[in-house]
Amino acid sequence: MPRLVDHELRRRQITGAVRRLIVRGGLDAVTFQSVAAEAGFSVSLVQYYCGTKKDLLLATYRSVMENVGTRFAQRWAALGEDVMPREAIRAVLTELLPLDEQRREETIVLGAFGTGSVTGQGITPEETLTASRLLVSIVSDQLGRADHLEPSVNRIDLIAELITASIAGIAQGMIQGHGTSQRAIELVDQQLDLVLGSQTRKHPSRSNRAP
């Protein structure tokens with residue numbers, strides 16, 4: 001009796017190989033030959049599952065976003081329906097920081113795709129912007145729920161974009177060795193203080209602890 005093939009497992013093995021290659025050498029390290037060698041498959045099998053190189057890259061990008069989305073959903077559900085806006089925004093932002101090996105890998109891979117979208121790597125900006133737009137929308141919605149905003153906040157949409165842009169910079173800085181996990185969390189709390197006021201902190205000492 002022929003052995004059944006788990007096609008979804010094969011795809012995950014292939015995209016996992018691509019992710020490891022990107023972490024070690026960026027998008028330029030990804031070829032059908034290198035992916036096949038990393039995954040332990042033949043080149044023809046990788047091509048069968050992923051088609052073109054662009055298909056291969058987009059499948060990998062989607063796999064990373066699915067992992068992030070699943071973790072976000074779990075974190076969001078754990079917050080409960082009565083979560084305060086500050087706590088909700090803080091939870092979302094800290095999920096984007098490379099505070100463990102999985103999130104470090106995701107930060108490197110997504111950063112590589114962001115760079116590749118503007119340097120002719122076959123990925124267009126439109127194909128990688130959906131997640132950032134969703135993040136801005138989430139932060140903006142939570143700011144709109146807040147009972148108090150600092151007087152300097154007169155455009156919630158702009159502040160939401162500023163917050164999400166800064167968290168990306170903090171995350172990339174951590175990857176480059178320009179800050180510790182504790183420092184990154186302190187920066188998140190400081191930014192939220194500037195927008196929402198320090199009195200909105202549910203746990204004043206939380207900036208000294210990882211989430």
# chains A, B, ... in the order shown; residues from 1 in each chain; ligands from 1
>>> residues_around(residues="Leu129 in chain A", least_positions_apart="5", cutoff="10 Å", atoms="only C-alpha atoms", output="ChimeraX atom specification")
/A:114,117,124,134
>>> atom_distance(atom1="CA of Ala165 in chain A", atom2="CA of Ile108 in chain A")
15.9 Å
>>> closest_residue(among="A:Leu96, A:Leu187, A:Arg86, A:Glu106", to="Gly16 in chain A", atoms="only C-alpha atoms")
A:Glu106
>>> atom_distance(atom1="CA of Leu194 in chain A", atom2="CA of Glu150 in chain A")
6.9 Å
>>> closest_residue(among="A:Ile167, A:Leu57, A:Met174, A:Ala37", to="Gln190 in chain A", atoms="only C-alpha atoms")
A:Ile167
>>> closest_residue(among="A:Ile175, A:Val43, A:Ala73, A:Val92", to="Gly111 in chain A", atoms="only C-alpha atoms")
A:Ile175
>>> residues_around(residues="Leu196 in chain A", least_positions_apart="5", cutoff="9 Å", atoms="only C-alpha atoms", output="list in words")
Arg86, Leu143, Ala146, Asp147, His148, Leu149, Glu150, Val153, Gln191 and Arg201 of chain A
>>> select_by_dssp(residues="range 48-190 of chain A", states="helix (DSSP H, G or I)", output="JSON, numbers by chain")
{"A": [48, 49, 50, 53, 54, 55, 56, 57, 58, 59, 60, 61, 62, 63, 64, 65, 66, 67, 68, 69, 70, 71, 72, 73, 74, 75, 76, 77, 78, 79, 85, 86, 87, 88, 89, 90, 91, 92, 93, 94, 95, 101, 102, 103, 104, 105, 106, 107, 108, 109, 110, 111, 112, 113, 114, 115, 116, 125, 126, 127, 130, 131, 132, 133, 134, 135, 136, 137, 138, 139, 140, 141, 142, 143, 144, 145, 156, 157, 158, 159, 160, 161, 162, 163, 164, 165, 166, 167, 168, 169, 170, 171, 172, 173, 174, 175, 181, 182, 183, 184, 185, 186, 187, 188, 189, 190]}
>>> write_last_selection(atoms="C-alpha atoms", output="mmCIF file, in the first residue's frame")
data_model
loop_
_atom_site.group_PDB
_atom_site.id
_atom_site.type_symbol
_atom_site.label_atom_id
_atom_site.label_comp_id
_atom_site.auth_asym_id
_atom_site.auth_seq_id
_atom_site.Cartn_x
_atom_site.Cartn_y
_atom_site.Cartn_z
ATOM 1 C CA TYR A 48 6.534 21.024 -7.552
ATOM 2 C CA TYR A 49 5.274 22.465 -4.280
ATOM 3 C CA CYS A 50 6.234 26.094 -4.797
ATOM 4 C CA LYS A 53 10.915 31.553 -6.833
ATOM 5 C CA LYS A 54 8.419 34.328 -6.197
ATOM 6 C CA ASP A 55 5.814 31.733 -5.225
ATOM 7 C CA LEU A 56 8.377 30.188 -2.897
ATOM 8 C CA LEU A 57 9.131 33.525 -1.241
ATOM 9 C CA LEU A 58 5.471 34.507 -0.896
ATOM 10 C CA ALA A 59 4.622 31.118 0.608
ATOM 11 C CA THR A 60 7.358 31.687 3.177
ATOM 12 C CA TYR A 61 6.155 35.214 3.920
ATOM 13 C CA ARG A 62 2.612 33.932 4.434
ATOM 14 C CA SER A 63 3.844 31.156 6.721
ATOM 15 C CA VAL A 64 5.575 33.709 8.951
ATOM 16 C CA MET A 65 2.491 35.927 9.028
ATOM 17 C CA GLU A 66 0.283 32.950 9.873
ATOM 18 C CA ASN A 67 2.532 32.109 12.822
ATOM 19 C CA VAL A 68 2.471 35.705 14.015
ATOM 20 C CA GLY A 69 -1.296 35.896 13.517
ATOM 21 C CA THR A 70 -1.902 32.732 15.512
ATOM 22 C CA ARG A 71 0.210 34.023 18.387
ATOM 23 C CA PHE A 72 -1.552 37.403 18.232
ATOM 24 C CA ALA A 73 -4.953 35.714 18.377
ATOM 25 C CA GLN A 74 -3.934 33.658 21.403
ATOM 26 C CA ARG A 75 -2.506 36.695 23.197
ATOM 27 C CA TRP A 76 -5.605 38.749 22.332
ATOM 28 C CA ALA A 77 -7.978 36.057 23.613
ATOM 29 C CA ALA A 78 -6.017 35.840 26.861
ATOM 30 C CA LEU A 79 -6.502 39.579 27.464
ATOM 31 C CA PRO A 85 -6.647 50.110 25.618
ATOM 32 C CA ARG A 86 -3.142 50.584 26.988
ATOM 33 C CA GLU A 87 -2.834 46.929 27.947
ATOM 34 C CA ALA A 88 -4.155 45.861 24.541
ATOM 35 C CA ILE A 89 -1.723 48.071 22.623
ATOM 36 C CA ARG A 90 1.164 47.027 24.837
ATOM 37 C CA ALA A 91 0.400 43.351 24.264
ATOM 38 C CA VAL A 92 0.304 43.852 20.507
ATOM 39 C CA LEU A 93 3.548 45.814 20.429
ATOM 40 C CA THR A 94 5.529 43.450 22.627
ATOM 41 C CA GLU A 95 4.519 40.533 20.401
ATOM 42 C CA GLU A 101 14.315 32.966 19.323
ATOM 43 C CA GLN A 102 11.077 32.515 17.378
ATOM 44 C CA ARG A 103 10.298 36.221 17.324
ATOM 45 C CA ARG A 104 13.924 37.004 16.517
ATOM 46 C CA GLU A 105 13.727 34.787 13.443
ATOM 47 C CA GLU A 106 10.432 36.353 12.410
ATOM 48 C CA THR A 107 11.871 39.859 12.787
ATOM 49 C CA ILE A 108 14.853 39.023 10.596
ATOM 50 C CA VAL A 109 12.739 37.316 7.934
ATOM 51 C CA LEU A 110 10.105 40.056 7.777
ATOM 52 C CA GLY A 111 12.829 42.694 7.702
ATOM 53 C CA ALA A 112 14.429 40.922 4.751
ATOM 54 C CA PHE A 113 11.101 40.884 2.914
ATOM 55 C CA GLY A 114 10.602 44.563 3.660
ATOM 56 C CA THR A 115 13.996 45.377 2.186
ATOM 57 C CA GLY A 116 13.451 43.014 -0.723
ATOM 58 C CA PRO A 125 5.543 46.550 -1.437
ATOM 59 C CA GLU A 126 1.822 45.857 -1.874
ATOM 60 C CA GLU A 127 2.440 42.177 -1.208
ATOM 61 C CA THR A 130 -1.242 44.124 4.575
ATOM 62 C CA ALA A 131 0.100 43.203 8.017
ATOM 63 C CA SER A 132 1.436 46.680 8.796
ATOM 64 C CA ARG A 133 -1.851 48.270 7.761
ATOM 65 C CA LEU A 134 -3.747 45.876 10.001
ATOM 66 C CA LEU A 135 -1.431 46.697 12.896
ATOM 67 C CA VAL A 136 -1.990 50.444 12.430
ATOM 68 C CA SER A 137 -5.736 49.810 12.382
ATOM 69 C CA ILE A 138 -5.620 47.817 15.640
ATOM 70 C CA VAL A 139 -3.580 50.473 17.441
ATOM 71 C CA SER A 140 -5.803 53.249 16.100
ATOM 72 C CA ASP A 141 -8.961 51.451 17.249
ATOM 73 C CA GLN A 142 -7.569 50.986 20.750
ATOM 74 C CA LEU A 143 -6.484 54.617 20.987
ATOM 75 C CA GLY A 144 -10.014 55.563 19.998
ATOM 76 C CA ARG A 145 -11.318 53.561 22.981
ATOM 77 C CA ILE A 156 -5.116 59.312 16.326
ATOM 78 C CA ASP A 157 -4.396 57.919 12.863
ATOM 79 C CA LEU A 158 -0.990 59.619 12.721
ATOM 80 C CA ILE A 159 -0.096 58.554 16.257
ATOM 81 C CA ALA A 160 -1.014 54.945 15.418
ATOM 82 C CA GLU A 161 1.313 55.035 12.417
ATOM 83 C CA LEU A 162 4.068 56.605 14.502
ATOM 84 C CA ILE A 163 3.747 53.946 17.196
ATOM 85 C CA THR A 164 3.868 51.048 14.731
ATOM 86 C CA ALA A 165 6.779 52.576 12.816
ATOM 87 C CA SER A 166 8.760 53.052 16.022
ATOM 88 C CA ILE A 167 8.176 49.477 17.196
ATOM 89 C CA ALA A 168 9.604 48.237 13.907
ATOM 90 C CA GLY A 169 12.681 50.388 14.501
ATOM 91 C CA ILE A 170 13.066 49.127 18.069
ATOM 92 C CA ALA A 171 12.793 45.525 16.878
ATOM 93 C CA GLN A 172 15.396 45.997 14.143
ATOM 94 C CA GLY A 173 17.677 47.758 16.614
ATOM 95 C CA MET A 174 17.494 44.764 18.935
ATOM 96 C CA ILE A 175 18.458 42.454 16.073
ATOM 97 C CA SER A 181 14.835 43.225 25.917
ATOM 98 C CA GLN A 182 14.309 45.267 29.083
ATOM 99 C CA ARG A 183 15.304 48.463 27.292
ATOM 100 C CA ALA A 184 12.911 47.730 24.443
ATOM 101 C CA ILE A 185 10.005 47.217 26.836
ATOM 102 C CA GLU A 186 10.896 50.442 28.641
ATOM 103 C CA LEU A 187 10.765 52.259 25.288
ATOM 104 C CA VAL A 188 7.317 50.803 24.592
ATOM 105 C CA ASP A 189 6.060 51.948 27.983
ATOM 106 C CA GLN A 190 7.599 55.391 27.559
#
>>> atom_distance(atom1="CA of Gln33 in chain A", atom2="CA of Thr119 in chain A")
22.3 Å
>>> decode(residues="range 97-130 of chain A", atoms="N, CA, C and O atoms", output="short mmCIF file (atom, residue, chain, number, x, y, z; two decimals), in the first residue's frame")
data_model
loop_
_atom_site.label_atom_id
_atom_site.label_comp_id
_atom_site.auth_asym_id
_atom_site.auth_seq_id
_atom_site.Cartn_x
_atom_site.Cartn_y
_atom_site.Cartn_z
N LEU A 97 8.28 42.40 19.27
CA LEU A 97 9.68 42.51 19.67
C LEU A 97 10.36 41.14 19.67
O LEU A 97 9.75 40.15 20.08
N PRO A 98 11.61 41.07 19.24
CA PRO A 98 12.32 39.77 19.22
C PRO A 98 12.81 39.38 20.61
O PRO A 98 14.00 39.37 20.90
N LEU A 99 11.84 39.04 21.47
CA LEU A 99 12.16 38.71 22.86
C LEU A 99 12.51 37.25 23.06
O LEU A 99 12.89 36.85 24.16
N ASP A 100 12.34 36.42 22.04
CA ASP A 100 12.75 35.03 22.11
C ASP A 100 13.23 34.62 20.72
O ASP A 100 13.19 35.41 19.77
N GLU A 101 13.70 33.40 20.58
CA GLU A 101 14.32 32.97 19.32
C GLU A 101 13.31 32.96 18.17
O GLU A 101 13.65 33.32 17.04
N GLN A 102 12.08 32.53 18.44
CA GLN A 102 11.08 32.51 17.38
C GLN A 102 10.80 33.91 16.85
O GLN A 102 10.78 34.14 15.65
N ARG A 103 10.58 34.86 17.76
CA ARG A 103 10.30 36.22 17.32
C ARG A 103 11.53 36.89 16.71
O ARG A 103 11.40 37.74 15.84
N ARG A 104 12.71 36.48 17.14
CA ARG A 104 13.92 37.00 16.52
C ARG A 104 13.99 36.57 15.05
O ARG A 104 14.28 37.37 14.16
N GLU A 105 13.72 35.29 14.82
CA GLU A 105 13.73 34.79 13.44
C GLU A 105 12.69 35.50 12.60
O GLU A 105 12.96 35.91 11.47
N GLU A 106 11.50 35.68 13.15
CA GLU A 106 10.43 36.35 12.41
C GLU A 106 10.82 37.79 12.08
O GLU A 106 10.55 38.27 10.97
N THR A 107 11.45 38.48 13.02
CA THR A 107 11.87 39.86 12.79
C THR A 107 12.88 39.94 11.66
O THR A 107 12.81 40.82 10.79
N ILE A 108 13.84 39.03 11.65
CA ILE A 108 14.85 39.02 10.60
C ILE A 108 14.22 38.73 9.24
O ILE A 108 14.50 39.41 8.24
N VAL A 109 13.36 37.72 9.21
CA VAL A 109 12.74 37.32 7.93
C VAL A 109 11.84 38.42 7.39
O VAL A 109 11.91 38.78 6.22
N LEU A 110 11.00 38.99 8.24
CA LEU A 110 10.10 40.06 7.78
C LEU A 110 10.89 41.29 7.38
O LEU A 110 10.52 41.99 6.43
N GLY A 111 11.98 41.58 8.09
CA GLY A 111 12.83 42.69 7.70
C GLY A 111 13.45 42.48 6.33
O GLY A 111 13.55 43.41 5.53
N ALA A 112 13.86 41.25 6.06
CA ALA A 112 14.43 40.92 4.75
C ALA A 112 13.40 41.10 3.64
O ALA A 112 13.71 41.61 2.56
N PHE A 113 12.15 40.70 3.92
CA PHE A 113 11.10 40.88 2.91
C PHE A 113 10.80 42.36 2.71
O PHE A 113 10.55 42.80 1.59
N GLY A 114 10.83 43.14 3.80
CA GLY A 114 10.60 44.56 3.66
C GLY A 114 11.66 45.22 2.79
O GLY A 114 11.35 46.03 1.91
N THR A 115 12.91 44.85 3.01
CA THR A 115 14.00 45.38 2.19
C THR A 115 13.88 44.89 0.75
O THR A 115 14.04 45.65 -0.21
N GLY A 116 13.56 43.60 0.61
CA GLY A 116 13.45 43.01 -0.72
C GLY A 116 12.35 43.62 -1.56
O GLY A 116 12.43 43.66 -2.80
N SER A 117 11.31 44.14 -0.91
CA SER A 117 10.19 44.72 -1.65
C SER A 117 10.55 46.03 -2.34
O SER A 117 9.84 46.48 -3.23
N VAL A 118 11.68 46.64 -1.92
CA VAL A 118 12.09 47.91 -2.54
C VAL A 118 13.43 47.80 -3.25
O VAL A 118 13.97 48.80 -3.73
N THR A 119 14.00 46.59 -3.32
CA THR A 119 15.30 46.43 -3.95
C THR A 119 15.29 45.44 -5.10
O THR A 119 16.32 44.88 -5.46
N GLY A 120 14.09 45.20 -5.67
CA GLY A 120 14.02 44.36 -6.85
C GLY A 120 14.23 42.90 -6.61
O GLY A 120 14.89 42.22 -7.41
N GLN A 121 13.70 42.37 -5.51
CA GLN A 121 13.84 40.95 -5.20
C GLN A 121 12.64 40.13 -5.66
O GLN A 121 12.48 38.98 -5.28
N GLY A 122 11.77 40.74 -6.47
CA GLY A 122 10.61 40.02 -6.98
C GLY A 122 9.37 40.14 -6.12
O GLY A 122 8.32 39.62 -6.47
N ILE A 123 9.48 40.80 -4.97
CA ILE A 123 8.35 41.01 -4.08
C ILE A 123 8.00 42.49 -4.11
O ILE A 123 8.88 43.35 -3.97
N THR A 124 6.74 42.81 -4.30
CA THR A 124 6.33 44.21 -4.36
C THR A 124 5.90 44.70 -2.98
O THR A 124 5.48 43.90 -2.14
N PRO A 125 5.99 46.02 -2.72
CA PRO A 125 5.54 46.55 -1.44
C PRO A 125 4.10 46.18 -1.11
O PRO A 125 3.77 45.89 0.05
N GLU A 126 3.23 46.17 -2.12
CA GLU A 126 1.82 45.86 -1.87
C GLU A 126 1.63 44.45 -1.33
O GLU A 126 0.67 44.18 -0.61
N GLU A 127 2.55 43.57 -1.66
CA GLU A 127 2.44 42.18 -1.21
C GLU A 127 2.89 41.99 0.24
O GLU A 127 2.70 40.92 0.81
N THR A 128 3.49 43.02 0.83
CA THR A 128 3.97 42.90 2.20
C THR A 128 3.41 43.97 3.14
O THR A 128 3.82 44.06 4.29
N LEU A 129 2.46 44.76 2.66
CA LEU A 129 1.95 45.87 3.46
C LEU A 129 0.69 45.54 4.25
O LEU A 129 0.30 46.30 5.15
N THR A 130 0.03 44.44 3.93
CA THR A 130 -1.24 44.12 4.57
C THR A 130 -1.11 44.05 6.09
O THR A 130 -1.93 44.61 6.84
#
